[in-house]
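start_12.cif, holding mmCIF, C-alpha atoms:
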data_final
#
loop_
_atom_site.group_PDB
_atom_site.id
_atom_site.type_symbol
_atom_site.label_atom_id
_atom_site.label_comp_id
_atom_site.auth_asym_id
_atom_site.auth_seq_id
_atom_site.Cartn_x
_atom_site.Cartn_y
_atom_site.Cartn_z
ATOM 1 C CA MET J 1 165.548 101.397 134.753
ATOM 2 C CA SER J 2 163.178 104.357 134.328
ATOM 3 C CA LEU J 3 162.200 105.699 130.928
ATOM 4 C CA PRO J 4 163.554 109.096 129.820
ATOM 5 C CA LYS J 5 161.118 111.914 130.588
ATOM 6 C CA ARG J 6 160.952 112.848 126.903
ATOM 7 C CA LEU J 7 159.269 109.459 126.219
ATOM 8 C CA LEU J 8 156.695 109.681 128.983
ATOM 9 C CA LEU J 9 154.454 112.266 127.250
ATOM 10 C CA PRO J 10 154.200 110.384 123.933
ATOM 11 C CA LEU J 11 153.461 107.150 125.780
ATOM 12 C CA SER J 12 150.765 108.888 127.845
ATOM 13 C CA VAL J 13 149.180 110.262 124.692
ATOM 14 C CA LEU J 14 149.320 106.821 123.084
ATOM 15 C CA SER J 15 147.659 105.283 126.127
ATOM 16 C CA LEU J 16 144.865 107.848 125.938
ATOM 17 C CA VAL J 17 144.348 107.112 122.238
ATOM 18 C CA VAL J 18 144.202 103.362 122.877
ATOM 19 C CA TRP J 19 141.763 103.903 125.750
ATOM 20 C CA ALA J 20 139.579 106.186 123.618
ATOM 21 C CA LEU J 21 139.502 103.717 120.722
ATOM 22 C CA SER J 22 138.628 100.888 123.104
ATOM 23 C CA ALA J 23 135.807 102.948 124.627
ATOM 24 C CA MET J 24 134.485 103.811 121.155
ATOM 25 C CA ARG J 25 134.473 100.151 120.158
ATOM 26 C CA GLU J 26 132.664 99.257 123.373
ATOM 27 C CA ASP J 27 130.070 101.998 122.819
ATOM 28 C CA SER J 28 129.566 100.868 119.223
ATOM 29 C CA THR J 29 129.090 97.247 120.302
ATOM 30 C CA THR J 30 126.577 98.305 122.958
ATOM 31 C CA TYR J 31 124.695 100.425 120.429
ATOM 32 C CA ARG J 32 124.504 97.600 117.889
ATOM 33 C CA ALA J 33 123.234 95.243 120.593
ATOM 34 C CA THR J 34 120.551 97.771 121.576
ATOM 35 C CA VAL J 35 119.314 98.084 117.983
ATOM 36 C CA GLU J 36 119.343 94.320 117.460
ATOM 37 C CA LYS J 37 117.314 93.891 120.652
ATOM 38 C CA TRP J 38 114.801 96.462 119.389
ATOM 39 C CA ARG J 39 114.528 94.661 116.048
ATOM 40 C CA GLN J 40 113.894 91.334 117.751
ATOM 41 C CA ALA J 41 111.190 92.868 119.950
ATOM 42 C CA TYR J 42 109.575 94.417 116.875
ATOM 43 C CA GLN J 43 109.426 91.039 115.122
ATOM 44 C CA GLU J 44 107.973 89.387 118.236
ATOM 45 C CA LYS J 45 105.268 92.064 118.341
ATOM 46 C CA LEU J 46 104.359 91.285 114.724
ATOM 47 C CA LEU J 47 104.063 87.599 115.585
ATOM 48 C CA ALA J 48 101.978 88.147 118.735
ATOM 49 C CA ASP J 49 98.341 87.028 118.987
ATOM 50 C CA ASP J 50 97.267 90.642 118.446
ATOM 51 C CA GLY J 51 99.955 91.442 115.872
ATOM 52 C CA TRP J 52 99.380 92.513 112.278
ATOM 53 C CA LEU J 53 100.049 88.993 110.971
ATOM 54 C CA THR J 54 96.787 87.759 112.518
ATOM 55 C CA ILE J 55 94.649 89.898 110.186
ATOM 56 C CA SER J 56 93.329 87.205 107.861
ATOM 57 C CA GLY J 57 90.664 88.904 105.779
ATOM 58 C CA LEU J 58 89.554 92.255 104.404
ATOM 59 C CA PHE J 59 86.090 92.337 102.832
ATOM 60 C CA TRP J 60 84.781 95.510 101.190
ATOM 61 C CA LEU J 61 81.150 96.257 101.976
ATOM 62 C CA HIS J 62 78.672 97.314 99.312
ATOM 63 C CA GLU J 63 75.469 99.227 99.933
ATOM 64 C CA GLY J 64 72.758 96.909 101.194
ATOM 65 C CA GLN J 65 73.115 93.384 102.570
ATOM 66 C CA ASN J 66 76.519 91.683 102.790
ATOM 67 C CA THR J 67 76.144 88.059 103.863
ATOM 68 C CA PHE J 68 78.696 86.273 106.031
ATOM 69 C CA GLY J 69 79.249 82.672 107.094
ATOM 70 C CA GLY J 70 81.012 79.452 106.211
ATOM 71 C CA ASP J 71 79.637 79.073 102.691
ATOM 72 C CA PRO J 72 81.897 80.079 99.764
ATOM 73 C CA ALA J 73 78.800 81.745 98.308
ATOM 74 C CA ASP J 74 78.648 84.190 101.229
ATOM 75 C CA ASP J 75 80.010 87.690 100.570
ATOM 76 C CA ILE J 76 82.256 87.337 103.631
ATOM 77 C CA VAL J 77 83.609 83.815 103.941
ATOM 78 C CA LEU J 78 84.689 82.846 107.458
ATOM 79 C CA PRO J 79 87.223 80.112 108.288
ATOM 80 C CA GLU J 80 85.879 76.575 108.376
ATOM 81 C CA GLY J 81 84.174 75.706 111.635
ATOM 82 C CA SER J 82 83.806 79.275 112.900
ATOM 83 C CA ALA J 83 80.247 79.866 111.668
ATOM 84 C CA PRO J 84 77.536 78.076 109.677
ATOM 85 C CA ALA J 85 76.664 78.961 106.111
ATOM 86 C CA GLY J 86 74.489 82.042 105.886
ATOM 87 C CA ALA J 87 75.200 83.033 109.486
ATOM 88 C CA GLY J 88 73.872 86.542 108.927
ATOM 89 C CA TYR J 89 74.567 89.766 107.120
ATOM 90 C CA PHE J 90 75.964 93.258 107.513
ATOM 91 C CA ASP J 91 73.536 95.894 106.294
ATOM 92 C CA LEU J 92 75.164 99.091 105.002
ATOM 93 C CA ARG J 93 72.776 102.007 104.505
ATOM 94 C CA ALA J 94 74.061 105.550 103.933
ATOM 95 C CA GLY J 95 77.103 105.037 106.155
ATOM 96 C CA LYS J 96 75.234 103.201 108.925
ATOM 97 C CA ILE J 97 76.179 99.546 109.462
ATOM 98 C CA THR J 98 73.966 97.043 111.278
ATOM 99 C CA ILE J 99 74.639 93.354 111.834
ATOM 100 C CA HIS J 100 71.806 90.832 111.651
ATOM 101 C CA VAL J 101 72.521 87.323 112.940
ATOM 102 C CA ASN J 102 70.370 84.432 111.749
ATOM 103 C CA PRO J 103 68.880 81.981 114.294
ATOM 104 C CA GLY J 104 71.280 79.195 115.233
ATOM 105 C CA ALA J 105 74.432 81.161 114.455
ATOM 106 C CA ARG J 106 76.241 82.006 117.696
ATOM 107 C CA ILE J 107 77.842 85.425 117.272
ATOM 108 C CA THR J 108 78.819 87.414 120.344
ATOM 109 C CA MET J 109 79.724 91.041 120.958
ATOM 110 C CA GLY J 110 81.336 92.010 124.246
ATOM 111 C CA GLY J 111 80.992 88.386 125.333
ATOM 112 C CA LYS J 112 77.195 88.376 124.914
ATOM 113 C CA PRO J 113 75.126 86.819 122.108
ATOM 114 C CA VAL J 114 73.948 89.342 119.557
ATOM 115 C CA ASP J 115 70.974 89.201 117.179
ATOM 116 C CA THR J 116 71.165 92.701 115.745
ATOM 117 C CA ALA J 117 73.258 95.744 116.602
ATOM 118 C CA GLU J 118 74.561 98.928 115.045
ATOM 119 C CA LEU J 119 78.343 98.781 114.637
ATOM 120 C CA GLN J 120 80.862 101.595 114.998
ATOM 121 C CA PRO J 121 83.920 101.536 112.714
ATOM 122 C CA ASP J 122 87.242 100.613 114.381
ATOM 123 C CA SER J 123 85.663 100.376 117.831
ATOM 124 C CA LYS J 124 86.712 97.598 120.228
ATOM 125 C CA ASN J 125 83.168 97.689 121.600
ATOM 126 C CA SER J 126 81.859 96.607 118.189
ATOM 127 C CA ARG J 127 84.068 93.554 117.758
ATOM 128 C CA LEU J 128 82.213 90.348 116.945
ATOM 129 C CA ALA J 129 83.355 86.845 117.866
ATOM 130 C CA ALA J 130 82.469 83.869 115.685
ATOM 131 C CA GLY J 131 84.077 80.658 116.847
ATOM 132 C CA GLY J 132 87.781 81.367 117.081
ATOM 133 C CA VAL J 133 87.792 84.483 114.895
ATOM 134 C CA LEU J 134 86.920 88.137 115.366
ATOM 135 C CA MET J 135 85.258 90.565 112.948
ATOM 136 C CA TRP J 136 84.990 94.332 113.071
ATOM 137 C CA ILE J 137 84.214 97.238 110.779
ATOM 138 C CA HIS J 138 87.170 99.213 109.470
ATOM 139 C CA ALA J 139 86.820 102.614 107.795
ATOM 140 C CA SER J 140 89.138 103.033 104.840
ATOM 141 C CA GLY J 141 88.531 106.670 103.994
ATOM 142 C CA PRO J 142 84.872 106.899 102.931
ATOM 143 C CA ARG J 143 84.603 103.132 102.353
ATOM 144 C CA PHE J 144 83.979 100.362 104.876
ATOM 145 C CA THR J 145 85.387 96.870 105.193
ATOM 146 C CA VAL J 146 84.973 93.929 107.486
ATOM 147 C CA ARG J 147 88.348 93.077 108.949
ATOM 148 C CA LEU J 148 88.914 89.509 110.109
ATOM 149 C CA TRP J 149 91.251 88.370 112.918
ATOM 150 C CA ASP J 150 92.438 84.785 113.234
ATOM 151 C CA LYS J 151 95.454 83.708 115.291
ATOM 152 C CA ASN J 152 95.773 80.721 112.943
ATOM 153 C CA SER J 153 95.953 82.905 109.831
ATOM 154 C CA ALA J 154 97.934 81.600 106.875
ATOM 155 C CA VAL J 155 99.895 84.868 106.772
ATOM 156 C CA ARG J 156 101.111 84.312 110.324
ATOM 157 C CA LYS J 157 101.955 80.658 109.743
ATOM 158 C CA SER J 158 103.970 81.394 106.587
ATOM 159 C CA PHE J 159 105.884 84.360 108.044
ATOM 160 C CA SER J 160 109.610 83.693 107.780
ATOM 161 C CA GLY J 161 111.277 86.630 109.487
ATOM 162 C CA LEU J 162 112.394 90.169 108.677
ATOM 163 C CA HIS J 163 115.429 91.391 106.746
ATOM 164 C CA TRP J 164 117.467 94.431 107.813
ATOM 165 C CA PHE J 165 120.375 96.549 106.689
ATOM 166 C CA PRO J 166 123.457 96.133 108.916
ATOM 167 C CA VAL J 167 123.393 98.541 111.854
ATOM 168 C CA ASP J 168 125.133 101.796 110.882
ATOM 169 C CA GLU J 169 125.563 104.462 113.568
ATOM 170 C CA SER J 170 125.812 107.220 110.965
ATOM 171 C CA TYR J 171 122.053 106.838 110.464
ATOM 172 C CA ARG J 172 121.346 107.866 114.057
ATOM 173 C CA VAL J 173 121.130 111.620 113.662
ATOM 174 C CA ALA J 174 120.363 114.588 115.894
ATOM 175 C CA ALA J 175 117.306 116.561 114.781
ATOM 176 C CA ARG J 176 115.397 119.662 115.778
ATOM 177 C CA TYR J 177 111.625 119.508 116.205
ATOM 178 C CA THR J 178 109.507 122.577 115.499
ATOM 179 C CA ALA J 179 105.850 122.408 116.477
ATOM 180 C CA TYR J 180 103.263 124.203 114.391
ATOM 181 C CA GLU J 181 101.218 126.762 116.303
ATOM 182 C CA VAL J 182 98.160 124.803 115.245
ATOM 183 C CA ALA J 183 98.356 121.201 114.069
ATOM 184 C CA LYS J 184 97.832 120.856 110.320
ATOM 185 C CA GLU J 185 95.373 118.467 108.716
ATOM 186 C CA ILE J 186 96.794 117.198 105.446
ATOM 187 C CA ASP J 187 95.356 115.035 102.684
ATOM 188 C CA ILE J 188 97.007 111.692 102.023
ATOM 189 C CA GLN J 189 95.976 108.357 100.493
ATOM 190 C CA ASN J 190 96.290 104.730 101.440
ATOM 191 C CA LEU J 191 97.401 101.869 99.220
ATOM 192 C CA ALA J 192 93.771 101.074 98.393
ATOM 193 C CA GLY J 193 93.435 104.537 96.850
ATOM 194 C CA ASP J 194 91.160 105.913 99.562
ATOM 195 C CA PRO J 195 91.627 109.542 100.674
ATOM 196 C CA LEU J 196 92.645 110.016 104.312
ATOM 197 C CA LYS J 197 93.211 112.933 106.669
ATOM 198 C CA ALA J 198 96.381 113.056 108.765
ATOM 199 C CA GLN J 199 97.160 115.372 111.659
ATOM 200 C CA VAL J 200 100.661 116.843 111.415
ATOM 201 C CA SER J 201 101.880 118.477 114.617
ATOM 202 C CA GLY J 202 105.201 119.867 113.387
ATOM 203 C CA TYR J 203 108.381 118.996 111.529
ATOM 204 C CA VAL J 204 111.984 117.969 112.138
ATOM 205 C CA THR J 205 115.091 119.287 110.429
ATOM 206 C CA PHE J 206 118.319 117.293 110.373
ATOM 207 C CA THR J 207 121.468 116.616 108.393
ATOM 208 C CA LEU J 208 122.119 113.148 107.006
ATOM 209 C CA HIS J 209 125.441 112.432 105.320
ATOM 210 C CA GLY J 210 125.933 116.112 104.557
ATOM 211 C CA GLN J 211 122.430 116.811 103.220
ATOM 212 C CA ASP J 212 119.944 119.051 105.023
ATOM 213 C CA LEU J 213 116.538 117.359 105.224
ATOM 214 C CA ARG J 214 113.082 117.862 106.674
ATOM 215 C CA LEU J 215 110.162 115.577 107.578
ATOM 216 C CA ASP J 216 106.634 116.333 108.752
ATOM 217 C CA ALA J 217 105.852 114.585 112.038
ATOM 218 C CA GLN J 218 102.949 113.419 114.127
ATOM 219 C CA ALA J 219 103.367 113.740 117.910
ATOM 220 C CA ASP J 220 101.568 111.851 120.673
ATOM 221 C CA GLU J 221 100.710 113.085 124.159
ATOM 222 C CA LYS J 222 104.216 112.192 125.404
ATOM 223 C CA ARG J 223 105.857 114.174 122.570
ATOM 224 C CA ARG J 224 107.049 111.028 120.829
ATOM 225 C CA LEU J 225 107.209 111.542 117.083
ATOM 226 C CA SER J 226 106.209 109.251 114.245
ATOM 227 C CA PHE J 227 106.851 109.542 110.524
ATOM 228 C CA ILE J 228 105.972 107.819 107.296
ATOM 229 C CA PHE J 229 108.579 108.457 104.615
ATOM 230 C CA ARG J 230 110.024 107.311 101.333
ATOM 231 C CA ASP J 231 113.566 107.595 100.041
ATOM 232 C CA LEU J 232 115.558 106.594 96.956
ATOM 233 C CA THR J 233 115.774 102.953 98.118
ATOM 234 C CA SER J 234 111.951 102.644 98.117
ATOM 235 C CA GLY J 235 110.779 100.098 95.558
ATOM 236 C CA LYS J 236 114.312 98.736 95.271
ATOM 237 C CA GLU J 237 116.032 97.544 98.428
ATOM 238 C CA THR J 238 113.133 98.675 100.624
ATOM 239 C CA TYR J 239 109.346 98.493 100.530
ATOM 240 C CA GLY J 240 107.951 100.592 97.700
ATOM 241 C CA ALA J 241 105.169 102.354 99.601
ATOM 242 C CA GLY J 242 107.579 103.679 102.215
ATOM 243 C CA ARG J 243 108.583 103.006 105.802
ATOM 244 C CA GLU J 244 107.756 104.149 109.321
ATOM 245 C CA LEU J 245 109.921 105.617 112.059
ATOM 246 C CA ASP J 246 109.194 106.449 115.703
ATOM 247 C CA THR J 247 111.277 108.414 118.208
ATOM 248 C CA GLU J 248 111.727 108.838 121.926
ATOM 249 C CA PRO J 249 110.042 111.925 123.470
ATOM 250 C CA VAL J 250 111.288 115.290 122.209
ATOM 251 C CA ALA J 251 113.411 117.160 124.777
ATOM 252 C CA ALA J 252 112.252 120.491 126.194
ATOM 253 C CA ASP J 253 114.627 122.339 123.850
ATOM 254 C CA GLY J 254 113.208 120.575 120.772
ATOM 255 C CA SER J 255 116.117 118.177 120.291
ATOM 256 C CA VAL J 256 115.408 114.582 119.325
ATOM 257 C CA PHE J 257 117.291 111.709 117.715
ATOM 258 C CA LEU J 258 116.119 109.979 114.534
ATOM 259 C CA ASP J 259 117.459 106.442 114.357
ATOM 260 C CA PHE J 260 116.882 105.147 110.849
ATOM 261 C CA ASN J 261 118.326 101.789 111.938
ATOM 262 C CA GLU J 262 114.861 101.294 113.459
ATOM 263 C CA ALA J 263 112.906 102.332 110.354
ATOM 264 C CA ASN J 264 110.389 99.564 109.733
ATOM 265 C CA ASN J 265 107.928 98.496 107.087
ATOM 266 C CA PRO J 266 104.189 99.152 107.470
ATOM 267 C CA PRO J 267 101.922 96.087 107.844
ATOM 268 C CA CYS J 268 101.115 96.077 104.116
ATOM 269 C CA ALA J 269 104.626 94.836 103.399
ATOM 270 C CA TYR J 270 103.767 91.465 104.959
ATOM 271 C CA ASN J 271 99.978 91.240 104.926
ATOM 272 C CA PRO J 272 97.707 91.768 101.888
ATOM 273 C CA TYR J 273 94.684 92.227 104.171
ATOM 274 C CA THR J 274 95.881 95.551 105.575
ATOM 275 C CA THR J 275 95.680 99.104 104.269
ATOM 276 C CA CYS J 276 98.504 101.571 104.880
ATOM 277 C CA PRO J 277 98.939 105.314 104.346
ATOM 278 C CA ILE J 278 101.282 106.587 101.638
ATOM 279 C CA PRO J 279 103.778 109.288 102.667
ATOM 280 C CA PRO J 280 102.853 112.831 101.603
ATOM 281 C CA PRO J 281 105.101 114.519 99.003
ATOM 282 C CA GLN J 282 106.997 116.498 101.676
ATOM 283 C CA ASN J 283 108.111 113.214 103.299
ATOM 284 C CA ARG J 284 109.682 111.762 100.173
ATOM 285 C CA LEU J 285 113.421 112.152 100.687
ATOM 286 C CA HIS J 286 115.696 112.580 97.687
ATOM 287 C CA VAL J 287 118.459 110.582 99.339
ATOM 288 C CA ARG J 288 119.176 106.914 99.889
ATOM 289 C CA VAL J 289 118.507 105.725 103.425
ATOM 290 C CA GLU J 290 120.398 102.433 103.551
ATOM 291 C CA ALA J 291 119.323 101.654 107.092
ATOM 292 C CA GLY J 292 116.471 99.906 108.870
ATOM 293 C CA GLU J 293 114.215 97.277 107.360
ATOM 294 C CA MET J 294 114.559 96.041 103.818
ATOM 295 C CA ASN J 295 111.974 94.427 101.546
ATOM 296 C CA TYR J 296 110.154 91.471 103.082
ATOM 297 C CA ARG J 297 111.182 88.307 101.299
ATOM 298 C CA HIS J 298 108.291 85.896 101.026
ATOM 299 C CA ASP J 299 110.636 83.106 99.955
ATOM 300 C CA HIS J 300 113.417 83.385 102.541
#
Turn the structure described in the file into structure tokens.
Amino acid sequence: MSLPKRLLLPLSVLSLVVWALSAMREDSTTYRATVEKWRQAYQEKLLADDGWLTISGLFWLHEGQNTFGGDPADDIVLPEGSAPAGAGYFDLRAGKITIHVNPGARITMGGKPVDTAELQPDSKNSRLAAGGVLMWIHASGPRFTVRLWDKNSAVRKSFSGLHWFPVDESYRVAARYTAYEVAKEIDIQNLAGDPLKAQVSGYVTFTLHGQDLRLDAQADEKRRLSFIFRDLTSGKETYGAGRELDTEPVAADGSVFLDFNEANNPPCAYNPYTTCPIPPPQNRLHVRVEAGEMNYRHDH
């Protein structure tokens, strides 16, 4: 028996609604899986041999000689077995840093033994190997530190995983990027209180939960954007200094998506031996962004 024609249209409409709802659920499930995969990859990157968790020391240099070695009396104390006591010293003079290695202490740079050499801040060519650890000079504003890398760092060994807000598609928002005619150099600070310069290439405008917002952005050569920002969850549910967010490349028409489900903490949230920039005033949002990474729990 065939159905009356007057029932066919409502049933067709109902079928379309059911199909649409099913497709929406499938899209939502796929999206959540994509974000969860990104979060897992981000955690694996943190835990990698070259990840931020392997930074195991940050030693501030003073003018003059700064000794390093395996003796607790050295200014820069290296892990046991990596170097003898009094292995050498870093000499800081008017912004110039030279390493002097004492006889018998095997320190290499670029795979070759080094006795003395001038070091360039944050240069891979100036990285020093001592046993199983690496040292290099890091510029923190006008000050200099020796940064230590150790794949067996206590920070890495005690790391217990990240904590995230549940994935919420409403925090994936369409934005419009506007490039400045000339990139701006702005003054910011890091958590150590040192002044820094940041290059800002433009800004994005977007609407989040009915509020019109704006963030200054940095762009790389592929037009991918990065932000540091704070919001009204900072210091409560999320890390107090702020969070970071990266995007896919901006389209030719300036459109780009901001996915706050991928907002992550800077390294300082997990590692006390790192220094991180603080968001400028214009990137402090007066809204709650209940998405992305939450505070790191050292006891979970």
| request: For Gly51 in chain J, please output as a PyMOL selection string all residues within 12 Å (counting all atoms listed in the file; exclusion window: fewer than 2 positions along the same chain). | output: chain J and resi 42-49+53-56+149-153+155-156+267+270-271+274
For C-alpha atoms, I'd like the residues from the last selection saved as a compact mmCIF listing (two decimals), in the coordinates of the input.
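The new file result_32.txt reads:
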# COMPACT_ATOMS: atom_id res chain seq x y z
CA TYR J 42 109.58 94.42 116.88
CA GLN J 43 109.43 91.04 115.12
CA GLU J 44 107.97 89.39 118.24
CA LYS J 45 105.27 92.06 118.34
CA LEU J 46 104.36 91.28 114.72
CA LEU J 47 104.06 87.60 115.58
CA ALA J 48 101.98 88.15 118.74
CA ASP J 49 98.34 87.03 118.99
CA LEU J 53 100.05 88.99 110.97
CA THR J 54 96.79 87.76 112.52
CA ILE J 55 94.65 89.90 110.19
CA SER J 56 93.33 87.20 107.86
CA TRP J 149 91.25 88.37 112.92
CA ASP J 150 92.44 84.78 113.23
CA LYS J 151 95.45 83.71 115.29
CA ASN J 152 95.77 80.72 112.94
CA SER J 153 95.95 82.90 109.83
CA VAL J 155 99.90 84.87 106.77
CA ARG J 156 101.11 84.31 110.32
CA PRO J 267 101.92 96.09 107.84
CA TYR J 270 103.77 91.46 104.96
CA ASN J 271 99.98 91.24 104.93
CA THR J 274 95.88 95.55 105.58
| task | Please write as a ChimeraX atom specification the full residue list that the PyMOL selection byres ((chain J and resi 122) around 6) yields on this file. | result | /J:121,123,137-138
Please dump the current selection as a PDB file, in the coordinates of the input; keep C-alpha atoms.
ATOM      1  CA  PRO J 121      83.920 101.536 112.714  1.00  0.00           C
ATOM      2  CA  SER J 123      85.663 100.376 117.831  1.00  0.00           C
ATOM      3  CA  ILE J 137      84.214  97.238 110.779  1.00  0.00           C
ATOM      4  CA  HIS J 138      87.170  99.213 109.470  1.00  0.00           C
TER       5      HIS J 138
END
| query | For Leu215 in chain J, which residue among J:Tyr177, J:Phe144, J:Tyr239, J:Tyr89 is the nearest when counting only C-alpha atoms? | reply |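 Nearest candidate to Leu215 in chain J out of J:Tyr177, J:Phe144, J:Tyr239, J:Tyr89: J:Tyr177.
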| request: For CA of Leu208 in chain J and CA of His286 in chain J, determine how far apart the two atoms are, in Å to one decimal place. | output: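 So the two atoms, CA of Leu208 in chain J and CA of His286 in chain J, lie 11.3 Å apart.
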Could you name the residues that touch His209 in chain J at 10 Å or less, counting all atoms listed in the file, but leaving out those on the same chain fewer than 4 positions away, as a tab-separated table (two decimals) with C-alpha atoms, in the coordinates of the input?
chain	number	residue	atom	x	y	z
J	170	SER	CA	125.81	107.22	110.96
J	171	TYR	CA	122.05	106.84	110.46
J	173	VAL	CA	121.13	111.62	113.66
J	287	VAL	CA	118.46	110.58	99.34
J	288	ARG	CA	119.18	106.91	99.89
J	289	VAL	CA	118.51	105.72	103.42
| said: Env of range 107-109 of chain J: 9 Å cut, atoms = all atoms listed in the file, seq-sep filter 2 positions within chain, self excluded. Answer as a PyMOL selection string. | reply: chain J and resi 83+87+101+105+111-115+125-131
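You will find CA of Arg223 in chain J at 12.9 Å from CA of Arg176 in chain J.
For the residues J:Asn261, J:Gln120, J:Pro79, J:Val200, ranking by smallest atom-to-atom distance to Lys37 in chain J using only C-alpha atoms places J:Asn261 first.
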| said: As an exercise, work out the distance from CA of Gly81 in chain J to CA of Phe59 in chain J in Å and give it to one decimal place. | reply: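 Separation of CA of Gly81 in chain J and CA of Phe59 in chain J: 18.9 Å.
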| field | Residues selected by the PyMOL selection byres ((chain J and resi 191) around 8), written as a VMD selection string | value | chain J and resid 189 to 190 192 to 194 241 275 to 278
| request: Would you translate the PyMOL selection byres ((chain J and resi 295) around 10) into the concrete set of residues it matches in this file, as a ChimeraX atom specification? | output: /J:162-164,233-240,264-265,269-270,293-294,296-298
| Between J:Asp27, J:Gln199, J:Gln65, J:Asp168, which one has atoms that come closest to Val182 in chain J, using only C-alpha atoms? |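 Result for the nearest residue to Val182 in chain J: J:Gln199.
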| said: Nearest residue to Pro249 in chain J out of J:Ile99, J:Leu148, J:Ala198, J:Leu225, using all atoms listed in the file? | reply: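 Checking each candidate against Pro249 in chain J, we get J:Leu225 as the closest.
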| query | Closest to Leu58 in chain J among J:Phe227, J:Arg284, J:Gln211, J:Pro272, using all atoms listed in the file? | reply |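 Of J:Phe227, J:Arg284, J:Gln211, J:Pro272, the one nearest Leu58 in chain J, counting all atoms listed in the file, is J:Pro272.
When all atoms listed in the file are used to measure the gap to Pro281 in chain J, the shortest distance among J:Glu63, J:Ser28, J:Leu92, J:Arg214 belongs to J:Arg214.
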